[in-house]
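Structure data (mmCIF, C-alpha atoms and all ligand atoms) from model18.cif:
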```cif
data_structure
loop_
_atom_site.label_atom_id
_atom_site.label_comp_id
_atom_site.auth_asym_id
_atom_site.auth_seq_id
_atom_site.Cartn_x
_atom_site.Cartn_y
_atom_site.Cartn_z
CA MET A 1 59.39 91.09 107.63
CA THR A 2 60.43 94.66 106.88
CA THR A 3 59.62 95.90 103.43
CA THR A 4 61.00 99.00 101.76
CA LEU A 5 59.97 100.57 98.47
CA PHE A 6 62.48 102.81 96.70
CA LYS A 7 60.13 104.94 94.63
CA GLY A 8 60.96 106.56 91.31
CA GLY A 9 64.74 106.44 91.36
CA ARG A 10 67.09 106.10 88.40
CA VAL A 11 67.90 102.41 88.66
CA LEU A 12 71.41 101.68 87.39
CA ASP A 13 72.48 98.06 87.11
CA PRO A 14 75.57 97.67 84.94
CA ALA A 15 75.40 93.85 85.05
CA SER A 16 72.14 93.90 83.07
CA GLY A 17 72.68 97.29 81.40
CA THR A 18 69.61 98.72 83.15
CA ASP A 19 69.31 102.52 83.25
CA ALA A 20 65.68 103.50 83.82
CA VAL A 21 63.44 105.29 86.28
CA MET A 22 61.77 102.50 88.27
CA ASP A 23 60.81 101.31 91.73
CA VAL A 24 62.67 98.69 93.75
CA LEU A 25 60.78 96.70 96.39
CA VAL A 26 62.81 95.06 99.15
CA GLU A 27 61.26 92.33 101.30
CA GLY A 28 63.37 91.02 104.16
CA GLN A 29 66.93 90.49 102.94
CA ARG A 30 66.07 90.38 99.25
CA ILE A 31 64.92 92.41 96.30
CA ALA A 32 61.36 91.24 95.63
CA ARG A 33 60.58 93.31 92.55
CA ILE A 34 62.05 95.89 90.20
CA GLY A 35 59.54 97.66 87.97
CA LYS A 36 57.42 100.66 87.21
CA ASP A 37 54.71 101.94 89.59
CA LEU A 38 54.96 99.16 92.14
CA PRO A 39 52.26 99.32 94.87
CA ALA A 40 53.50 100.50 98.26
CA SER A 41 51.08 98.40 100.35
CA GLU A 42 52.70 98.09 103.79
CA ALA A 43 56.19 99.08 102.71
CA GLU A 44 58.18 101.96 104.07
CA VAL A 45 58.44 104.27 101.06
CA ILE A 46 61.68 106.05 100.27
CA ASP A 47 61.29 108.78 97.69
CA ALA A 48 64.21 108.15 95.37
CA SER A 49 63.26 110.73 92.75
CA GLY A 50 66.37 112.54 91.56
CA LEU A 51 68.54 109.82 93.11
CA ILE A 52 70.46 106.91 91.63
CA VAL A 53 69.55 103.45 92.92
CA ALA A 54 72.67 101.33 92.49
CA PRO A 55 73.90 97.92 93.62
CA GLY A 56 75.80 98.24 96.92
CA LEU A 57 79.30 99.58 96.29
CA ILE A 58 82.23 97.15 96.63
CA ASP A 59 85.78 98.18 97.56
CA PRO A 60 88.32 95.44 96.85
CA HIS A 61 91.20 97.18 98.65
CA VAL A 62 90.97 98.45 102.24
CA HIS A 63 93.14 98.18 105.34
CA LEU A 64 91.08 97.52 108.47
CA ARG A 65 94.11 97.16 110.83
CA GLU A 66 92.61 94.26 112.77
CA PRO A 67 94.25 92.22 114.19
CA GLY A 68 97.14 94.18 115.64
CA GLN A 69 96.57 97.91 115.13
CA GLU A 70 93.10 98.43 116.54
CA HIS A 71 94.01 101.96 117.64
CA LYS A 72 93.93 102.95 113.94
CA GLU A 73 90.84 101.05 112.81
CA THR A 74 88.93 97.86 113.55
CA ILE A 75 86.71 95.73 111.39
CA GLN A 76 83.77 97.37 113.16
CA THR A 77 84.93 101.00 112.75
CA GLY A 78 86.11 100.35 109.21
CA SER A 79 82.66 99.00 108.37
CA GLN A 80 81.14 102.22 109.81
CA ALA A 81 83.32 104.25 107.46
CA ALA A 82 82.37 101.92 104.61
CA VAL A 83 78.59 102.29 104.96
CA ALA A 84 78.99 106.06 105.46
CA GLY A 85 80.58 106.05 102.00
CA GLY A 86 77.96 103.82 100.39
CA PHE A 87 79.97 100.58 100.51
CA THR A 88 78.15 97.37 101.32
CA THR A 89 81.20 95.13 100.81
CA VAL A 90 84.92 95.62 101.42
CA CYS A 91 87.90 93.31 100.94
CA CYS A 92 90.61 93.76 103.57
CA MET A 93 94.34 93.44 102.96
CA PRO A 94 96.63 91.05 104.85
CA ASN A 95 99.20 93.49 106.30
CA THR A 96 97.88 92.99 109.82
CA ALA A 97 99.77 91.80 112.92
CA PRO A 98 99.91 88.87 112.79
CA THR A 99 99.83 88.71 109.01
CA LEU A 100 96.68 87.33 107.45
CA ASP A 101 98.54 84.25 106.21
CA THR A 102 96.79 81.25 107.80
CA PRO A 103 93.29 79.74 107.54
CA GLU A 104 92.82 80.52 111.27
CA ILE A 105 93.25 84.25 110.68
CA VAL A 106 90.99 84.13 107.62
CA ARG A 107 88.33 82.60 109.87
CA PHE A 108 89.06 85.19 112.58
CA ILE A 109 88.25 87.97 110.09
CA TYR A 110 84.94 86.33 109.19
CA ASP A 111 84.12 85.88 112.91
CA GLN A 112 84.88 89.53 113.70
CA ALA A 113 82.93 90.65 110.64
CA ARG A 114 79.72 89.00 111.81
CA THR A 115 78.76 92.15 113.73
CA ALA A 116 80.17 94.57 111.13
CA MET A 117 77.84 96.97 109.33
CA CYS A 118 78.87 95.76 105.87
CA ARG A 119 80.18 92.54 104.35
CA VAL A 120 83.90 91.99 104.87
CA PHE A 121 85.99 89.53 102.87
CA PRO A 122 89.67 88.84 103.60
CA VAL A 123 92.49 88.87 101.06
CA ALA A 124 95.27 86.58 102.32
CA ALA A 125 99.03 86.89 101.97
CA GLY A 126 100.96 85.02 99.30
CA THR A 127 104.06 84.60 101.46
CA VAL A 128 104.46 83.83 105.15
CA GLY A 129 104.56 87.06 107.16
CA ARG A 130 104.58 88.94 103.81
CA GLN A 131 108.32 88.37 103.87
CA GLY A 132 108.44 87.43 100.19
CA GLU A 133 110.28 84.17 100.86
CA ARG A 134 108.11 81.18 101.77
CA MET A 135 104.78 80.61 100.03
CA THR A 136 101.64 80.35 102.16
CA GLU A 137 99.23 77.40 101.88
CA ILE A 138 97.14 79.08 99.22
CA GLN A 139 94.73 76.18 98.63
CA LEU A 140 93.87 76.14 102.35
CA LEU A 141 93.53 79.93 102.48
CA ALA A 142 91.11 79.76 99.54
CA LYS A 143 89.14 77.00 101.22
CA ALA A 144 88.91 79.07 104.41
CA GLY A 145 87.37 81.90 102.37
CA ALA A 146 90.17 84.19 101.18
CA VAL A 147 88.84 86.04 98.12
CA GLY A 148 92.23 87.00 96.71
CA ILE A 149 95.96 86.72 97.39
CA SER A 150 98.28 89.71 97.91
CA ASP A 151 101.31 90.80 99.92
CA ASP A 152 99.98 94.37 99.68
CA GLY A 153 102.11 96.97 101.35
CA ASP A 154 104.97 95.10 99.72
CA VAL A 155 105.69 93.50 96.38
CA ILE A 156 106.82 89.89 96.08
CA ALA A 157 110.28 90.86 94.90
CA SER A 158 111.68 87.42 94.07
CA ALA A 159 110.65 86.31 90.58
CA GLY A 160 111.03 82.67 91.63
CA VAL A 161 108.70 83.03 94.59
CA MET A 162 106.30 85.09 92.49
CA LYS A 163 106.13 82.35 89.88
CA SER A 164 105.16 79.76 92.51
CA VAL A 165 102.59 82.07 94.07
CA PHE A 166 101.03 82.81 90.67
CA THR A 167 100.78 79.10 89.92
CA ALA A 168 99.15 78.28 93.25
CA THR A 169 96.83 81.30 93.16
CA GLY A 170 95.75 80.46 89.62
CA ALA A 171 95.13 76.82 90.58
CA ALA A 172 92.98 77.98 93.51
CA GLY A 173 90.87 80.10 91.14
CA LEU A 174 91.76 83.32 92.94
CA VAL A 175 93.18 86.62 91.73
CA PHE A 176 96.66 87.81 92.68
CA MET A 177 96.70 91.52 93.57
CA GLN A 178 100.15 93.08 93.22
CA HIS A 179 101.55 96.12 95.02
CA CYS A 180 103.97 97.01 92.22
CA GLN A 181 107.15 98.45 93.70
CA GLU A 182 110.65 97.20 92.84
CA PRO A 183 112.21 97.62 96.30
CA THR A 184 115.82 98.28 95.31
CA LEU A 185 114.68 101.26 93.23
CA THR A 186 112.72 102.86 96.07
CA ARG A 187 114.94 102.56 99.15
CA GLY A 188 114.28 105.44 101.52
CA ALA A 189 111.79 107.00 99.11
CA SER A 190 108.89 108.99 100.52
CA MET A 191 107.39 110.68 97.44
CA HIS A 192 107.40 110.78 93.63
CA ALA A 193 110.85 111.33 92.12
CA GLY A 194 110.61 114.67 90.32
CA GLY A 195 111.11 118.38 90.60
CA ILE A 196 109.20 118.65 93.85
CA SER A 197 111.09 115.86 95.65
CA THR A 198 114.31 117.61 94.64
CA LYS A 199 112.99 120.93 95.91
CA LEU A 200 111.94 119.35 99.23
CA GLY A 201 115.16 117.36 99.55
CA LEU A 202 113.26 114.08 99.82
CA THR A 203 114.23 110.73 98.28
CA GLY A 204 112.11 110.02 95.22
CA TRP A 205 110.16 106.89 94.15
CA PRO A 206 110.59 106.69 90.36
CA ARG A 207 107.85 105.51 87.98
CA ILE A 208 110.04 102.76 86.62
CA ALA A 209 109.87 100.92 89.97
CA GLU A 210 106.17 100.33 89.31
CA GLU A 211 106.47 99.64 85.59
CA ILE A 212 109.27 97.09 85.90
CA ILE A 213 107.24 94.89 88.26
CA ILE A 214 104.20 94.96 85.98
CA GLU A 215 106.42 94.03 83.02
CA ARG A 216 108.03 91.21 84.99
CA ASP A 217 104.73 89.85 86.22
CA ILE A 218 103.17 89.85 82.77
CA ARG A 219 106.15 87.83 81.54
CA LEU A 220 105.73 85.38 84.41
CA LEU A 221 102.05 84.85 83.61
CA SER A 222 103.05 83.03 80.42
CA VAL A 223 104.62 80.25 82.52
CA ALA A 224 102.46 80.60 85.66
CA PRO A 225 98.88 81.29 84.61
CA CYS A 226 96.88 83.35 87.07
CA ARG A 227 94.42 86.24 87.08
CA TYR A 228 96.62 89.26 87.79
CA HIS A 229 95.51 92.59 89.20
CA VAL A 230 97.59 95.77 89.53
CA GLN A 231 96.70 97.64 92.70
CA HIS A 232 96.59 101.44 92.98
CA LEU A 233 98.19 102.14 89.59
CA SER A 234 100.05 105.47 89.68
CA CYS A 235 101.81 106.18 86.39
CA ALA A 236 101.07 106.71 82.72
CA GLY A 237 103.62 104.11 81.60
CA SER A 238 101.91 101.36 83.59
CA ILE A 239 98.72 101.92 81.63
CA GLU A 240 100.51 101.39 78.33
CA ILE A 241 102.00 98.11 79.56
CA ILE A 242 98.59 96.89 80.70
CA ARG A 243 96.96 98.06 77.46
CA ILE A 244 99.26 95.76 75.48
CA ALA A 245 98.76 92.83 77.86
CA ARG A 246 94.99 93.16 77.63
CA ALA A 247 95.16 93.45 73.86
CA ASN A 248 97.07 90.15 73.90
CA GLY A 249 94.23 88.55 75.84
CA LEU A 250 96.03 88.18 79.16
CA PRO A 251 93.87 88.16 82.32
CA VAL A 252 95.27 91.45 83.60
CA THR A 253 93.21 94.11 85.39
CA ALA A 254 94.06 97.31 87.23
CA GLU A 255 92.56 99.65 89.77
CA ALA A 256 92.80 103.41 90.33
CA SER A 257 92.45 105.13 93.69
CA PRO A 258 90.72 108.46 94.37
CA HIS A 259 93.94 110.28 95.32
CA HIS A 260 95.75 109.31 92.12
CA LEU A 261 92.75 110.58 90.13
CA LEU A 262 92.54 113.92 91.97
CA LEU A 263 95.94 114.99 93.34
CA THR A 264 99.52 115.42 92.19
CA ASP A 265 102.86 115.57 94.00
CA GLU A 266 102.27 119.32 94.45
CA ALA A 267 100.10 118.29 97.42
CA CYS A 268 103.36 117.29 99.19
CA LEU A 269 104.63 120.88 99.14
CA GLY A 270 104.91 122.12 102.70
CA TYR A 271 105.77 118.54 103.76
CA ASP A 272 102.08 117.75 104.16
CA THR A 273 102.06 114.12 105.35
CA SER A 274 98.37 113.75 104.46
CA ALA A 275 99.65 113.63 100.88
CA LYS A 276 102.16 110.86 101.63
CA MET A 277 101.06 107.59 100.10
CA ASN A 278 102.48 104.52 98.42
CA PRO A 279 102.66 104.49 95.44
CA PRO A 280 103.09 108.25 95.61
CA LEU A 281 101.08 111.05 94.05
CA ARG A 282 102.68 111.78 90.68
CA GLU A 283 102.40 114.50 88.05
CA GLN A 284 99.51 116.05 86.12
CA SER A 285 100.37 113.94 83.03
CA ASP A 286 99.99 110.75 85.11
CA LEU A 287 96.71 111.93 86.62
CA GLU A 288 95.36 112.68 83.13
CA ALA A 289 96.56 109.31 81.83
CA ILE A 290 94.85 107.45 84.68
CA ARG A 291 91.57 109.27 84.02
CA LYS A 292 91.91 108.45 80.33
CA GLY A 293 92.81 104.84 81.20
CA VAL A 294 89.48 104.57 83.01
CA ALA A 295 87.62 106.15 80.09
CA ASP A 296 89.35 103.77 77.62
CA GLY A 297 88.48 100.68 79.65
CA ILE A 298 92.08 99.77 80.57
CA ILE A 299 91.39 100.44 84.25
CA THR A 300 88.17 98.63 85.12
CA ILE A 301 88.11 98.86 88.91
CA LEU A 302 88.15 101.67 91.46
CA ALA A 303 89.54 101.02 94.95
CA THR A 304 90.28 103.31 97.87
CA ASP A 305 93.35 101.74 99.51
CA HIS A 306 91.72 103.07 102.74
CA ALA A 307 94.75 103.23 105.08
CA PRO A 308 94.05 104.61 108.57
CA HIS A 309 96.86 106.10 110.69
CA THR A 310 96.88 108.07 113.96
CA PRO A 311 97.47 111.85 114.11
CA ASP A 312 100.70 111.21 116.08
CA GLU A 313 102.11 109.07 113.30
CA LYS A 314 101.15 111.54 110.61
CA ALA A 315 102.69 114.38 112.69
CA LEU A 316 106.15 112.85 112.19
CA PRO A 317 108.57 114.46 109.72
CA PHE A 318 107.57 113.67 106.11
CA SER A 319 110.23 111.03 105.54
CA ASP A 320 109.33 109.20 108.77
CA ALA A 321 105.53 109.38 108.64
CA PRO A 322 103.65 106.28 107.45
CA PHE A 323 102.27 106.03 103.92
CA GLY A 324 98.54 106.11 103.29
CA ILE A 325 95.26 107.95 103.67
CA ILE A 326 91.72 106.95 104.51
CA GLY A 327 89.24 106.92 101.65
CA LEU A 328 85.96 105.14 102.25
CA GLU A 329 83.80 108.11 103.24
CA THR A 330 84.83 110.33 100.32
CA ALA A 331 85.53 107.79 97.54
CA LEU A 332 82.33 107.98 95.49
CA ALA A 333 82.38 111.77 95.64
CA GLY A 334 86.03 111.82 94.58
CA TYR A 335 85.53 109.45 91.65
CA ALA A 336 82.55 111.51 90.47
CA LYS A 337 84.60 114.69 90.64
CA ALA A 338 87.56 113.17 88.77
CA LEU A 339 85.67 111.14 86.18
CA ILE A 340 82.08 112.35 85.74
CA ASP A 341 82.42 116.10 86.31
CA THR A 342 85.27 116.04 83.76
CA GLY A 343 83.26 114.11 81.15
CA HIS A 344 85.43 110.96 81.14
CA ILE A 345 82.65 108.48 81.98
CA ASP A 346 78.94 108.46 82.86
CA TRP A 347 77.16 107.23 85.98
CA LEU A 348 76.39 103.76 84.60
CA LYS A 349 80.11 103.22 83.95
CA LEU A 350 81.12 104.58 87.37
CA VAL A 351 78.71 102.20 89.07
CA GLU A 352 80.12 99.31 87.02
CA LEU A 353 83.67 100.11 88.20
CA MET A 354 82.45 100.10 91.81
CA THR A 355 80.10 97.09 91.81
CA ILE A 356 80.06 94.23 89.32
CA ASN A 357 83.70 94.61 88.24
CA PRO A 358 85.23 94.35 91.75
CA ALA A 359 82.69 91.58 92.52
CA LYS A 360 84.00 89.57 89.56
CA LEU A 361 87.62 90.26 90.54
CA CYS A 362 87.08 88.56 93.92
CA ASN A 363 84.57 85.91 92.73
CA LEU A 364 81.87 87.66 94.74
CA ASP A 365 79.54 87.81 91.72
CA ARG A 366 78.80 84.14 92.27
CA SER A 367 77.58 82.23 95.28
CA HIS A 368 80.04 82.55 98.15
CA ARG A 369 79.88 80.98 101.60
CA GLY A 370 76.14 80.39 101.31
CA ASP A 371 75.30 83.87 100.03
CA ASP A 372 74.39 84.58 96.45
CA GLY A 373 76.26 86.79 94.08
CA LEU A 374 76.93 90.44 94.87
CA GLY A 375 77.36 93.44 92.60
CA GLU A 376 74.01 93.59 90.83
CA LEU A 377 70.36 94.49 91.31
CA ARG A 378 68.10 91.59 90.46
CA GLU A 379 64.77 90.23 91.63
CA GLY A 380 65.43 87.51 94.19
CA GLY A 381 68.96 88.75 94.83
CA LEU A 382 70.34 90.10 98.09
CA ALA A 383 69.20 93.65 98.82
CA ASP A 384 72.59 95.39 98.93
CA ILE A 385 71.63 98.82 97.63
CA THR A 386 73.29 102.24 97.58
CA LEU A 387 71.40 105.46 96.91
CA ILE A 388 73.46 108.21 95.33
CA ASP A 389 72.55 111.87 95.06
CA PRO A 390 74.36 112.96 91.86
CA ALA A 391 73.71 116.65 92.58
CA HIS A 392 74.66 117.04 96.22
CA SER A 393 77.21 119.77 96.96
CA TRP A 394 79.15 119.28 100.16
CA THR A 395 82.45 120.15 101.76
CA VAL A 396 84.30 117.47 103.72
CA THR A 397 84.64 118.11 107.45
CA GLU A 398 85.88 115.88 110.26
CA SER A 399 82.28 115.11 111.23
CA ASP A 400 81.85 113.33 107.87
CA LEU A 401 84.53 110.79 108.80
CA GLU A 402 82.95 107.87 110.60
CA GLY A 403 85.88 105.48 110.98
CA LEU A 404 88.55 105.76 113.66
CA SER A 405 91.18 107.77 111.78
CA ARG A 406 91.21 111.24 110.21
CA ASN A 407 94.18 111.13 107.84
CA THR A 408 92.81 112.51 104.60
CA PRO A 409 93.98 115.32 102.32
CA PHE A 410 90.34 115.95 101.34
CA LEU A 411 89.23 117.88 104.45
CA GLY A 412 87.80 121.15 103.11
CA THR A 413 87.39 119.76 99.58
CA GLU A 414 84.12 120.46 97.78
CA PHE A 415 82.38 117.60 96.04
CA ASN A 416 79.24 117.46 93.89
CA ALA A 417 77.86 113.98 94.58
CA ARG A 418 77.29 111.84 97.64
CA THR A 419 75.88 108.53 98.74
CA VAL A 420 72.76 109.12 100.82
CA LEU A 421 71.64 105.64 101.88
CA THR A 422 73.39 102.29 102.30
CA MET A 423 71.38 99.10 102.65
CA VAL A 424 73.07 95.77 103.38
CA GLY A 425 70.93 92.65 103.05
CA GLY A 426 67.71 94.64 103.44
CA GLN A 427 68.94 96.56 106.52
CA THR A 428 69.52 100.30 106.23
CA GLN A 429 72.98 100.71 107.75
CA HIS A 430 73.44 104.39 106.99
CA SER A 431 71.10 107.13 105.84
CA ARG A 432 71.15 110.86 105.24
CA LEU A 433 67.47 110.82 104.18
CA ASN A 434 64.30 111.23 106.18
CA ALA A 435 62.21 108.21 105.30
CA SER A 436 58.44 108.45 105.58
CA ALA A 437 56.07 105.56 106.07
CA SER A 438 53.04 105.37 103.84
CA SER A 439 49.80 103.55 104.23
ZN ZN B 1 99.60 98.80 98.26
#
```
Kindly return the structure encoded in the file as structure tokens.
Ligand SMILES: [Zn+2]
Amino acid sequence: MTTTLFKGGRVLDPASGTDAVMDVLVEGQRIARIGKDLPASEAEVIDASGLIVAPGLIDPHVHLREPGQEHKETIQTGSQAAVAGGFTTVCCMPNTAPTLDTPEIVRFIYDQARTAMCRVFPVAAGTVGRQGERMTEIQLLAKAGAVGISDDGDVIASAGVMKSVFTATGAAGLVFMQHCQEPTLTRGASMHAGGISTKLGLTGWPRIAEEIIIERDIRLLSVAPCRYHVQHLSCAGSIEIIRIARANGLPVTAEASPHHLLLTDEACLGYDTSAKMNPPLREQSDLEAIRKGVADGIITILATDHAPHTPDEKALPFSDAPFGIIGLETALAGYAKALIDTGHIDWLKLVELMTINPAKLCNLDRSHRGDDGLGELREGGLADITLIDPAHSWTVTESDLEGLSRNTPFLGTEFNARTVLTMVGGQTQHSRLNASASS
């Protein structure tokens, strides 16, 4: 049995509120002990002084492109990108080909994920083929192991269908994750509707198209109870709607993505398709509101929306290029830059938004398919551990990207923090450290 001792790190476990310099001893797949001055005995010792020892990071929103678009990413290559960015668990969206809308495809994802470098959990579609018309068999999808329901990439536009999907998703005990975009307000849109879209002569995607869906869905929840989650929130107004819903006790959560916390629509100037995403980059006031929404506790989850595309696709004219950027390898660094370097939150809070909160969203904090709960550091629990260097200056280059695609606007960006080791179930799956054995 391999044993590893993380020595003298700052152990952060938001689930228990732990923030103390301690050692963590891993034996086999599990955490054997957490405490001060633990004996090394036969363990491989990793000097964690100056580093943060956190539960393995969890991303509840990635696109792994398998099945159907394996030239962009596969479950295997996506998991490589994940562990390079400190993630031990990712939840993959159903906009694959075929759509992830049957129990067979849910099981296919689990089969493919057996050799992946991190844990992979599928989110299944709410409507057949994500067409927004006919509801999927949500009870069976849940039984097969889907950890959430979403038509991500598209909204469920019909209120009638949405109501049925909420009811079934709620009854199955799952969360519904909404891509909030009223489609008739965004036809042909490729970026935020504002001064810059006018200047570039591009069709704009107005804020109200996001807000109106959140408003509608919150209304529907009163007749179709369900846990409801707003994906990749992009505008200030959305936060105010969610603030009121949460104040009224509704089970509404929201996530923010690195790009919406760091960039504005100015990044689209020059028709740079690496800044084309959906929902689009908006204005400085939105960016500030999203940061503040995280600080205020309205946004409780961070998610990358990792969306790989080929260079050929991103070389198309702006209005024709696909939406989306990759995010797994640079996410932690980006969140730290947007939220910690600016004084909005501290490290314990950041780790909470990336571990126990997304675990709870997808019911991964409790026993799941024979494994125990994820998202925390506890004696006897699975050894999913991420080491973070909170004072590591680095500039993103292509060699830092370990998935299949390269479409990121963050090449050349300087960051001040980085994950340096990723352990999944006691196995070190990625390391930038030189470990030394002790006797
Ligand atoms: Zn989406």
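Considering the residues A:Ala168, A:Val155, A:Ile299, A:Ala417 and counting only C-alpha atoms and all ligand atoms, ligand ZN 1 (chain B) has its shortest atom-to-atom contact with A:Val155.
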Proximity check chain A to ligand ZN 1 (chain B), 9 Å, nearest pairs one decimal Å, only C-alpha atoms and all ligand atoms, as JSON lines:
```
{"residue": "A:His61", "atom": "CA", "partner": "B:ZN1", "partner_atom": "ZN", "distance": 8.6}
{"residue": "A:Met93", "atom": "CA", "partner": "B:ZN1", "partner_atom": "ZN", "distance": 8.9}
{"residue": "A:Asp151", "atom": "CA", "partner": "B:ZN1", "partner_atom": "ZN", "distance": 8.3}
{"residue": "A:Asp152", "atom": "CA", "partner": "B:ZN1", "partner_atom": "ZN", "distance": 4.7}
{"residue": "A:Gly153", "atom": "CA", "partner": "B:ZN1", "partner_atom": "ZN", "distance": 4.4}
{"residue": "A:Asp154", "atom": "CA", "partner": "B:ZN1", "partner_atom": "ZN", "distance": 6.7}
{"residue": "A:Val155", "atom": "CA", "partner": "B:ZN1", "partner_atom": "ZN", "distance": 8.3}
{"residue": "A:Gln178", "atom": "CA", "partner": "B:ZN1", "partner_atom": "ZN", "distance": 7.6}
{"residue": "A:His179", "atom": "CA", "partner": "B:ZN1", "partner_atom": "ZN", "distance": 4.6}
{"residue": "A:Cys180", "atom": "CA", "partner": "B:ZN1", "partner_atom": "ZN", "distance": 7.7}
{"residue": "A:Gln181", "atom": "CA", "partner": "B:ZN1", "partner_atom": "ZN", "distance": 8.8}
{"residue": "A:Gln231", "atom": "CA", "partner": "B:ZN1", "partner_atom": "ZN", "distance": 6.4}
{"residue": "A:His232", "atom": "CA", "partner": "B:ZN1", "partner_atom": "ZN", "distance": 6.6}
{"residue": "A:Asn278", "atom": "CA", "partner": "B:ZN1", "partner_atom": "ZN", "distance": 6.4}
{"residue": "A:Pro279", "atom": "CA", "partner": "B:ZN1", "partner_atom": "ZN", "distance": 7.0}
{"residue": "A:Asp305", "atom": "CA", "partner": "B:ZN1", "partner_atom": "ZN", "distance": 7.0}
{"residue": "A:Gly324", "atom": "CA", "partner": "B:ZN1", "partner_atom": "ZN", "distance": 8.9}
```
With 10 Å as the cut-off and only C-alpha atoms counted, what is the closest atom pair between each nearby residue of range 291-408 of chain A and range 3-19 of chain A? Distances in Å to one decimal, ordered by chain and number, as a Markdown table.
```
| residue | atom | partner | partner_atom | distance |
| --- | --- | --- | --- | --- |
| A:Trp347 | CA | A:Leu12 | CA | 8.1 |
| A:Leu348 | CA | A:Leu12 | CA | 6.1 |
| A:Lys349 | CA | A:Pro14 | CA | 7.2 |
| A:Leu350 | CA | A:Pro14 | CA | 9.2 |
| A:Val351 | CA | A:Pro14 | CA | 6.9 |
| A:Glu352 | CA | A:Pro14 | CA | 5.3 |
| A:Leu353 | CA | A:Pro14 | CA | 9.1 |
| A:Thr355 | CA | A:Pro14 | CA | 8.2 |
| A:Ile356 | CA | A:Ala15 | CA | 6.3 |
| A:Asn357 | CA | A:Ala15 | CA | 8.9 |
| A:Asp365 | CA | A:Ala15 | CA | 9.9 |
| A:Gly375 | CA | A:Ala15 | CA | 7.8 |
| A:Glu376 | CA | A:Ala15 | CA | 6.0 |
| A:Leu377 | CA | A:Asp13 | CA | 5.9 |
| A:Arg378 | CA | A:Asp13 | CA | 8.5 |
| A:Leu387 | CA | A:Gly9 | CA | 8.7 |
| A:Ile388 | CA | A:Arg10 | CA | 9.6 |
```
Which protein, DNA or RNA residues are at most 6 Å from (98.5, 109.1, 86.5) in the file's coordinates when you count all atoms listed in the file, listed as a list in words? Ser234, Cys235, Ala236, Asp286, Leu287, Glu288, Ala289 and Ile290 of chain A
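Residues of protein, DNA or RNA having at least one counted atom within 8 Å of (93.7, 100.1, 78.9), given only C-alpha atoms, are Ile239, Glu240, Ile242, Arg243, Ile244, Arg246, Gly293, Val294, Asp296, Gly297, Ile298 and Ile299 of chain A.
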Using all atoms listed in the file, which of A:Thr304, A:Thr198, A:Thr184, A:Thr203 sits nearest Val90 in chain A?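 The closest residue to Val90 in chain A is A:Thr304.
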Of the listed residues A:Pro409, A:Val175, A:Phe318, A:Ala245, that which approaches Thr264 in chain A most closely, counting only C-alpha atoms: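 Result for the nearest residue to Thr264 in chain A: A:Pro409.
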When you look at Val396 in chain A with a cut-off of 8 Å (counting all atoms listed in the file), what residues show up, excluding the ones that are within fewer than 2 positions of it in the same chain? I need them as a list in words. Thr330, Trp394, Glu398, Asp400, Phe410, Leu411, Gly412, Thr413, Glu414 and Phe415 of chain A
Non-local contacts of Arg366 in chain A (12 Å; only C-alpha atoms; under 4 positions in same chain excluded) as a list of chain:residue names: A:Val147, A:Ile356, A:Ala359, A:Lys360, A:Leu361, A:Cys362, A:Gly370, A:Asp371, A:Asp372, A:Gly373, A:Leu374, A:Gly375, A:Glu376, A:Gly381, A:Leu382
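Of the residues under consideration (A:Thr397, A:Gly425, A:Glu104, A:Ile214), A:Gly425 shows the shortest atom-to-atom contact distance to Gly380 in chain A when counting all atoms listed in the file.
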Quick one: pull the distance between CA of Thr96 in chain A and CA of Glu133 in chain A, Å, one decimal.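 For CA of Thr96 in chain A relative to CA of Glu133 in chain A, the distance reads 17.7 Å.
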Just to confirm, what's the straight-line distance from CA of Thr422 in chain A to CA of Ser79 in chain A in Å (one decimal)? 11.6 Å
